[in-house]
Each structure stands twice: as structure tokens, then as C-alpha cells.
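A short worksheet on the structure shown next.
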Protein chains: 2
Amino acid sequence: MAGRRPTVYDVARQAGVSIATVSFAFRRPAEVRAETREAVLRAAQEIGYVPSASARGLAQRRTGALGLHSFEYLLDRPQGLTEGAVPLQVADLDLDQDVVSWDQLGPGAVSGPAAFPLYVDEVQRGFELEARRHGRPVLVGRSAESGGDVTETAGRVDGLAIFPGRAAERLVREVRLHMPVVVFGSPPDDDPHHHVLADNRGGARELVRHLVTVHGLSDLAFVGSQAPWDLRERFFGMRGELEALGLPAPDEVCDDTDLVDGATFDGVRALVTSGRLPHALVCGSDQVALAVLELLAREGVRVPEDIAVTGFDGILAGRLGAVPLTTVAQPMEAMGRVAVHLLMGAGDEGGRVVRLGTRLQVRRSCGCSRPPTS
Amino acid sequence: MAGRRPTVYDVARQAGVSIATVSFAFRRPAEVRAETREAVLRAAQEIGYVPSASARGLAQRRTGALGLHSFEYLLDRPQGLTEGAVPLQVADLDLDQDVVSWDQLGPGAVSGPAAFPLYVDEVQRGFELEARRHGRPVLVGRSAESGGDVTETAGRVDGLAIFPGRAAERLVREVRLHMPVVVFGSPPDDDPHHHVLADNRGGARELVRHLVTVHGLSDLAFVGSQAPWDLRERFFGMRGELEALGLPAPDEVCDDTDLVDGATFDGVRALVTSGRLPHALVCGSDQVALAVLELLAREGVRVPEDIAVTGFDGILAGRLGAVPLTTVAQPMEAMGRVAVHLLMGAGDEGGRVVRLGTRLQVRRSCGCSRPPTS
DNA sequence: TTGTACGCGTTATCAC
DNA sequence: GTGATAACGCGTACAA
């Protein structure tokens, strides 16, 4: 297994040719005599030659790979929708047993509700699928919100898609990467990057229209931090639709909790204890909505009987709880695919903005008993 | 955006130092005078310097990344559990519209039942999480079952985990990669690779015990190709437990359909039309089980009233159908994490076998009405 | 502390 | 068709 990795020189010696011929045999097989080619390939096979992507990348000035970098705020527990989820500590396991029993693995081992793919994961899925269609390997990099790490990822790829996360929006705007860059869900400023985003305002408006016109709810409150641009857009969308419907719109969100470990949701909690609940809590994202559902359940508030709750994103976890979540779905796989498409478009010079439509997904948490769509 | 990428030479010139100093400023900041370091970093920032991983990898003889390569049989439609799923064709989209409406995206856009993460995806998730804990970027490569592509992935990483898929087992055994390698779910032969696998026999036995002792079912039939090693193990496990319980065990599977596009399941179909159904269909994997459930539903056979159906793996999709699937869950996230752990263990020389325990997940499809576990 | 020079394994441009 | 040989950008002895 170990030992020095064989190089073109080793193959050349083994086959009795020069390194140029070896390179040709691999890259332009047609321009090499058949027997020489055979000999080279056989030699390579025998000694276990694996071309070094580093050397190739250096010589060609391109790596051939595409990158996807996420800035994450829940760094080592992205798998947990709720607090307290402890990732599996592999180092603590005794792997030499005959069978490492399930019980030793703890909750981090299984696809429980805490292990569903989140927003980023579902977009990543589309990214990987599309990249594979182009024959490109994908490099997945993740980091906390410091800037250095993104160049770490960037150095390995020919094009990069970025999830700026909660607070890296400015950082991403400033970084200069000298390669095609796609930014997800971030305001399309005058930066040189491509932008792929969902129609946040439109989606929020459609959702609000449903709550108002179908369920007759008029007193809506928004839950979710206003730091990320897309959540602000959703709040604006909600206000815009309320006004368009002739209803009073709140000036502020009722709870701007940031979804970090141990988020308390004081605003929602205050509403509950005051006993003056609004008709609906419009949450800025599915993850926020799921946390709110959990909180309400603990407090004995029934959804949707006592109050409606909605999300935004359309992640799988929303379908699976005791109260399936009404939400605005983003076309996550499509967003990932579009990002690859933009990165592969060598011609254009960046700065494109692709806005994808959303779809209202009516489930139980808004009060619909027999959802028209699943 | 475009233009030549800045190098250490550019930074050095800009900062008025030598390239060695630039390199030091990044890699051993302590050994460089503070002001020089500042100057270098500022210069780098200004001109948008991104270190080339290719050059670095070449110089250090290691890339710093870990790889995960899957051989897949459903190459461009891994998202579909059923046939006919057509992936989104990004190239056909007009991305210059104000908003690309949802309807233009087609079914490939959304997390529908056809977009759930499959076995490979869930293991990959654990792999990525653990890799990030070690600060390693992950390179995801996928290919059909030809051998060349795996070296393509291998050339880019310091350690590689491989899903051999349906038929690449032998190929993987023969390839010599000169780096730590982990193989998932493949027989632990005398190859130099590490192996991470689930306790297939044990899991199958526990499942059969449940069917026999709790539900009183005795006539069990196995569904699923016997080409992959782990499916064979599961069939052996089933037979072993039946014999241990004093029941007759089938010599052969009742249907060895390979799960490819347009799989017909003639064996199952024959049982249905003959009217002589066994008590239970023990399927070799969840994906097979879900396809069988679909077939039975079309044929008007009720599950679990007319027949019990079980799976193996524990993928999310199994929880979500009309009839939630009783299955044997593998600790998929844990398997991914363990793989990284092994790849990072520089000391040992390969050939370790880690077998992880499974867990019976009782849901509706076996006939349990109020599942003891979710 | 900082600079010079060589090596890392490929690709590609030339001669032959 | 094949063989020398010069980049490619960075790390790092070694020298200064």
C-alpha cells in the first residue's frame, strides 16, 4: 500500500520508452503506435501507476474539479435540528471488536430525524449530479465563518460555488478568486460573481395569500433573524402581500432569534406566556419552523388548532414530524445544477443572476386537513 | 474574475520580499517578523492571491484531501427509486428570465419521494462530517463500473474510500493505489484495503426472528440479486436463522432481479399471478423493497395484510411511503465516519476490518401496527 | 530573519 | 512516432 507512488518515470523505465511517450499514450492514444501504447499501459497497470492530479494541474493550470464551499454556523453539529445532538466520537470506539454494537454508536449513527439532509445538503446533491454529467469531480469544503478557508477550497478547483451562510456575505463579496464563482442566496450586488437564488419575495407572498384567503388568518407574525439577506426578503414579501390585501403589516419581526445552538426564541415564548397568540407564525426557514414547533409542543400550544406555523425551504425534515410543515419549497436540486451550469459556462464573464421560482407546499401545519399537494 | 492567477512571485514583488518569505508568512507565521508578515498578507489580499493546491501538493507529495468514490449502476438517475425519473436538463432552461418558474423545472427540481438520499448519500454525509473535523476537504467522485475513473479520483487525494457498487468488487480488489483505501460493504479478503461493513448476517437473523416469533410467519422468500456480496450475506443470514428456528429454509432466492432501470421483478410477479404468495418477502435492500411495494400495490396485493415486506439499509425513503418499511438499519453515518478515521490512521498498514452492528427498525410493512421503535 | 536554488510529476514544444 | 527539455507554482534546504 504505502511506498513511493510510481510516476511517469517509473512507467517509462518499465516500458522502455521516454516519459513523453508515456504521457502521449494516456492523453493522445491515437498518436502512438499501437504496440508502444499497449506496452505503456501494461507497464502502468503492473506497477500501479496513478497519475498525480497535482502535477497535472500544475502543468495545465487547471485542476478539472469544481468546488462547493459552505460557511456554517453549526459547525460540528449540522445534523441536529435541535440542540443537544452529540456527534459520534469515532476515536472513542473500540474498532477491533468482532462487531461494534449499535448501542455503542449512540444517536449519531442513524438516520433519525436529527440526521436529515438540510438545505445545503439538498443543493449539494444537485450540484454533484450535474457535475458528474460534466465528468467533473466535486470538492466539498466547509468552514466556520473565517475567510481563509475559502481560498483553501478555491485553490483546488476551477470554479467554485459558495454558501455564504449567516454572516459571510460581505466576506464573499470582497474575496477575489480569479475563477468563476457562484453565490447562493445572497444579494446580487455589483460583485463579479454569479448569483443563484430563489424567488424569496414571491414565495412568501404566495404563502401569505394562502393563509389569508384560504384560512382567513390576518394576524401574522414573522419569526427569524433579519441578518441574512434572504430572510429579510421573505419578511418583505410577507409585508408586501399583507398590504396588497389591505391588511395591517407588522413593522418588525416578532422574534429575530438566530438559529444557533441553544437558540431560545424569547419572542415566541413571550407571545405564548402572554396568551395573546397571533393567528400564524410565519417562520423564515424550515429549520426555524421546526424548532418553533418543538417549542410550542413543549408549551402545550396545539398546531394548527391554536396557531398556524409555516416554514420556508422545503427540506425533508419538514414532512416527517408529527405535524407536517406547510412551507415554500425552493428547487434545491435545480439550484445546485444551475450553479454547475454557470461554472462550466466559460464564455460569459460572471455577474449573472438566476432566480428560480418556488412552490407552495401545503401540509398540515397551516390548518389544511387534506392537503391539495403533498 | 479571469486573467492569470496571481502566484507567490506576484505577491513577493508586490510586498518587496522573496518568495520564500511569502511562503513562510503563510506557513510559519511565527518565524517571520511581524511587519514583513503584515506586508505579505496585505499584498496577497490586494492582488487576490490564492495558493495553488496543485503546486503545493506537488511539492509536499500529498494533496491534503480525502476522496470518496462510488461506482454506480444508475448513472444519471440515482435520484429515482422508480423508473422514468428524468433529471433536469439545465441546458434547456432559459436562465435569463426574471424568474424561472417552478413548472419549467420539472420533477427533478424538488425533494419529492424520488429525491431522497440513498444509501451512498447517507454514508457520504458521515464521511464529510468526520473529514471536516479533521480539516480535510472531501473529493467526491463517481463513475460507472469501468476502472479508469477510480484512479482519476485517487490521483487527487491522500486516502480514498470506495463504494464498489454492484460489480466493481473484483476491480477494487485488484487496483493498487499506493495510499490508504477503505472499501465499503465488500468481502474482507486478503487485499491490502481496510473494510467497513455492517453486520449483514446478524441483522438479517434478527429480522427473521422477528417475523417468525412475533408474527408467526414461516414461509419467507428472499428478493434481490445475489451478485453483490452483502446481499448474499443477508440471504445466508435469513437461511441460518430459519434453520436455527427449526424451519425449512429456501435454497434459492425467489427473485434475483438486479436493481437497474426497468427492473421487472419477474419472480415476484410470478408469485402474485400464481396466487401462492409466501408469508413475507424479505428484500435484500430498501430500494428493492420499495420497488416491490410499488409493484404489489399496482397488482392489488395489500401490505401487510396479504403479505409482509421487509428491507435492509434504513434509508429515509423507507419511512415515507404509504406503508412505512420495516427494515434493518445500518449505521450509515457512523460507517462514513469510521472510514475517515481509518484513512487518517497513518500508523497502521491497511487490512483492518470494522464491522458495525445493525438495528431492527420495526414499522408497518411487517404487520406491526404500533411499532415499538420508530 | 531573509534570499537563492532545486525538486516535486506532469504537459507540451520542439527536434530528431 | 518518439525523445529531450523547459515550464507550471510552491516548499524547503542551505547560504547569506
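The chains in the C-alpha cells are called A, B, ... from first to last as shown; in each chain the residues are counted from 1, and the ligands are counted from 1 in the order shown.
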
Query raised in the report: What are the residues of chain A that have an atom within 7 Å of an atom of chain D, counting only C-alpha atoms (C1' of nucleotides), as a PyMOL selection string?
Result: chain A and resi 18+21+32-33+58-59

Requested in this report: Using only C-alpha atoms, determine which residues of chain A fall within 7 Å of chain B; present them as a PyMOL selection string.
Outcome: chain A and resi 1-3+5+48+50-55+57-58+90+95-96+98-102+109-111+132+137-142+151+155-156+176-180+192+316+331-334+337-338+341+354-359

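Near Ala20 of chain B, within a cut-off of 9 Å and counting only C-alpha atoms (C1' of nucleotides), sit the residues Val8, Ala12 and Ala25 of chain B; DT2 and DG3 of chain C; DG11 and DT12 of chain D, with same-chain residues fewer than 5 positions away left out.
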
Those selected residues, please, written with all heavy atoms and delivered as a short mmCIF file (atom, residue, chain, number, x, y, z; two decimals), in the first residue's frame.
data_model
loop_
_atom_site.label_atom_id
_atom_site.label_comp_id
_atom_site.auth_asym_id
_atom_site.auth_seq_id
_atom_site.Cartn_x
_atom_site.Cartn_y
_atom_site.Cartn_z
N VAL B 8 2.95 33.22 -5.91
CA VAL B 8 3.84 33.73 -4.87
C VAL B 8 4.77 34.80 -5.43
O VAL B 8 5.15 35.74 -4.72
CB VAL B 8 4.72 32.62 -4.28
CG1 VAL B 8 4.03 31.96 -3.11
CG2 VAL B 8 5.12 31.63 -5.31
N ALA B 12 5.31 38.34 -3.83
CA ALA B 12 6.66 38.73 -3.40
C ALA B 12 7.03 40.09 -3.99
O ALA B 12 7.52 40.98 -3.28
CB ALA B 12 7.66 37.67 -3.83
N ALA B 25 5.47 33.34 5.44
CA ALA B 25 4.44 34.17 6.06
C ALA B 25 3.13 33.40 6.17
O ALA B 25 2.37 33.57 7.12
CB ALA B 25 4.22 35.44 5.24
P DT C 2 12.09 39.13 7.77
OP1 DT C 2 11.86 40.56 7.55
OP2 DT C 2 10.95 38.21 7.94
"O5'" DT C 2 12.99 38.60 6.58
"C5'" DT C 2 13.93 39.49 5.98
"C4'" DT C 2 14.76 38.73 4.99
"O4'" DT C 2 15.24 37.52 5.57
"C3'" DT C 2 14.04 38.31 3.71
"O3'" DT C 2 14.57 39.06 2.64
"C2'" DT C 2 14.33 36.83 3.58
"C1'" DT C 2 15.51 36.65 4.52
N1 DT C 2 15.71 35.29 5.07
C2 DT C 2 16.76 34.53 4.62
O2 DT C 2 17.54 34.91 3.78
N3 DT C 2 16.87 33.29 5.21
C4 DT C 2 16.04 32.75 6.18
O4 DT C 2 16.24 31.63 6.62
C5 DT C 2 14.95 33.60 6.61
C7 DT C 2 13.99 33.12 7.65
C6 DT C 2 14.83 34.81 6.04
P DG C 3 13.96 38.84 1.17
OP1 DG C 3 13.97 40.15 0.50
OP2 DG C 3 12.72 38.06 1.26
"O5'" DG C 3 15.09 37.94 0.47
"C5'" DG C 3 16.38 38.46 0.35
"C4'" DG C 3 17.29 37.47 -0.35
"O4'" DG C 3 17.41 36.29 0.49
"C3'" DG C 3 16.77 36.98 -1.71
"O3'" DG C 3 17.88 36.93 -2.61
"C2'" DG C 3 16.23 35.59 -1.41
"C1'" DG C 3 17.14 35.13 -0.28
N9 DG C 3 16.53 34.17 0.63
C8 DG C 3 15.40 34.35 1.40
N7 DG C 3 15.10 33.32 2.13
C5 DG C 3 16.10 32.39 1.84
C6 DG C 3 16.31 31.08 2.33
O6 DG C 3 15.62 30.47 3.16
N1 DG C 3 17.43 30.48 1.77
C2 DG C 3 18.25 31.08 0.85
N2 DG C 3 19.28 30.36 0.41
N3 DG C 3 18.08 32.31 0.37
C4 DG C 3 16.99 32.90 0.92
P DG D 11 3.61 26.36 -0.22
OP1 DG D 11 2.52 25.85 0.62
OP2 DG D 11 4.03 27.77 -0.14
"O5'" DG D 11 4.89 25.43 0.03
"C5'" DG D 11 4.67 24.05 0.07
"C4'" DG D 11 5.97 23.31 0.31
"O4'" DG D 11 6.91 23.60 -0.75
"C3'" DG D 11 6.69 23.68 1.61
"O3'" DG D 11 7.23 22.48 2.14
"C2'" DG D 11 7.78 24.65 1.15
"C1'" DG D 11 8.12 24.11 -0.23
N9 DG D 11 8.58 25.11 -1.19
C8 DG D 11 8.00 26.32 -1.48
N7 DG D 11 8.63 26.98 -2.42
C5 DG D 11 9.70 26.17 -2.76
C6 DG D 11 10.73 26.36 -3.72
O6 DG D 11 10.89 27.32 -4.48
N1 DG D 11 11.60 25.28 -3.74
C2 DG D 11 11.50 24.17 -2.96
N2 DG D 11 12.43 23.25 -3.12
N3 DG D 11 10.55 23.97 -2.07
C4 DG D 11 9.68 25.01 -2.02
P DT D 12 7.75 22.46 3.61
OP1 DT D 12 7.35 21.17 4.16
OP2 DT D 12 7.38 23.72 4.28
"O5'" DT D 12 9.33 22.47 3.41
"C5'" DT D 12 9.89 21.70 2.35
"C4'" DT D 12 11.37 21.98 2.28
"O4'" DT D 12 11.63 22.97 1.25
"C3'" DT D 12 11.98 22.55 3.55
"O3'" DT D 12 13.28 22.01 3.68
"C2'" DT D 12 12.04 24.03 3.27
"C1'" DT D 12 12.42 23.99 1.80
N1 DT D 12 12.16 25.22 1.03
C2 DT D 12 12.97 25.50 -0.05
O2 DT D 12 13.88 24.80 -0.41
N3 DT D 12 12.65 26.67 -0.71
C4 DT D 12 11.63 27.56 -0.38
O4 DT D 12 11.43 28.57 -1.04
C5 DT D 12 10.83 27.18 0.77
C7 DT D 12 9.70 28.07 1.20
C6 DT D 12 11.13 26.05 1.41
#

Requested in this report: Find the residues near Ala297 of chain A: any atom within 12 Å, counting only C-alpha atoms (C1' of nucleotides), skip ones fewer than 6 places away on the same chain, and give them as number ranges by chain.
Outcome: A: 269, 272, 290-291, 303-307, 309, 321-323

Keeping C-alpha atoms for every residue in the selection just given, could you write it to a file as a PDB file, in the first residue's frame?
ATOM      1  CA  ARG A 269     -42.006  32.386  24.188  1.00  0.00           C
ATOM      2  CA  VAL A 272     -47.077  32.147  24.448  1.00  0.00           C
ATOM      3  CA  LEU A 290     -39.281  23.008  13.223  1.00  0.00           C
ATOM      4  CA  ALA A 291     -37.627  24.462  16.287  1.00  0.00           C
ATOM      5  CA  VAL A 303     -50.649  23.375  15.855  1.00  0.00           C
ATOM      6  CA  PRO A 304     -52.647  24.114  13.781  1.00  0.00           C
ATOM      7  CA  GLU A 305     -55.622  24.314  16.154  1.00  0.00           C
ATOM      8  CA  ASP A 306     -54.295  27.134  18.324  1.00  0.00           C
ATOM      9  CA  ILE A 307     -51.935  28.668  15.838  1.00  0.00           C
ATOM     10  CA  VAL A 309     -46.940  27.686  11.654  1.00  0.00           C
ATOM     11  CA  GLY A 321     -42.697  15.466  12.095  1.00  0.00           C
ATOM     12  CA  ALA A 322     -45.907  14.870  13.991  1.00  0.00           C
ATOM     13  CA  VAL A 323     -47.267  17.971  12.282  1.00  0.00           C
TER      14      VAL A 323
END

Requested in this report: Apply DSSP to the structure's backbone, then extract all residues of segment 29-199 of chain B labelled helix (DSSP H, G or I) and return them as an NGL selection string.
Outcome: :B and (29-31 or 34-47 or 53-60 or 90-92 or 102-105 or 107-109 or 113-115 or 119-133 or 148-154 or 169-174)
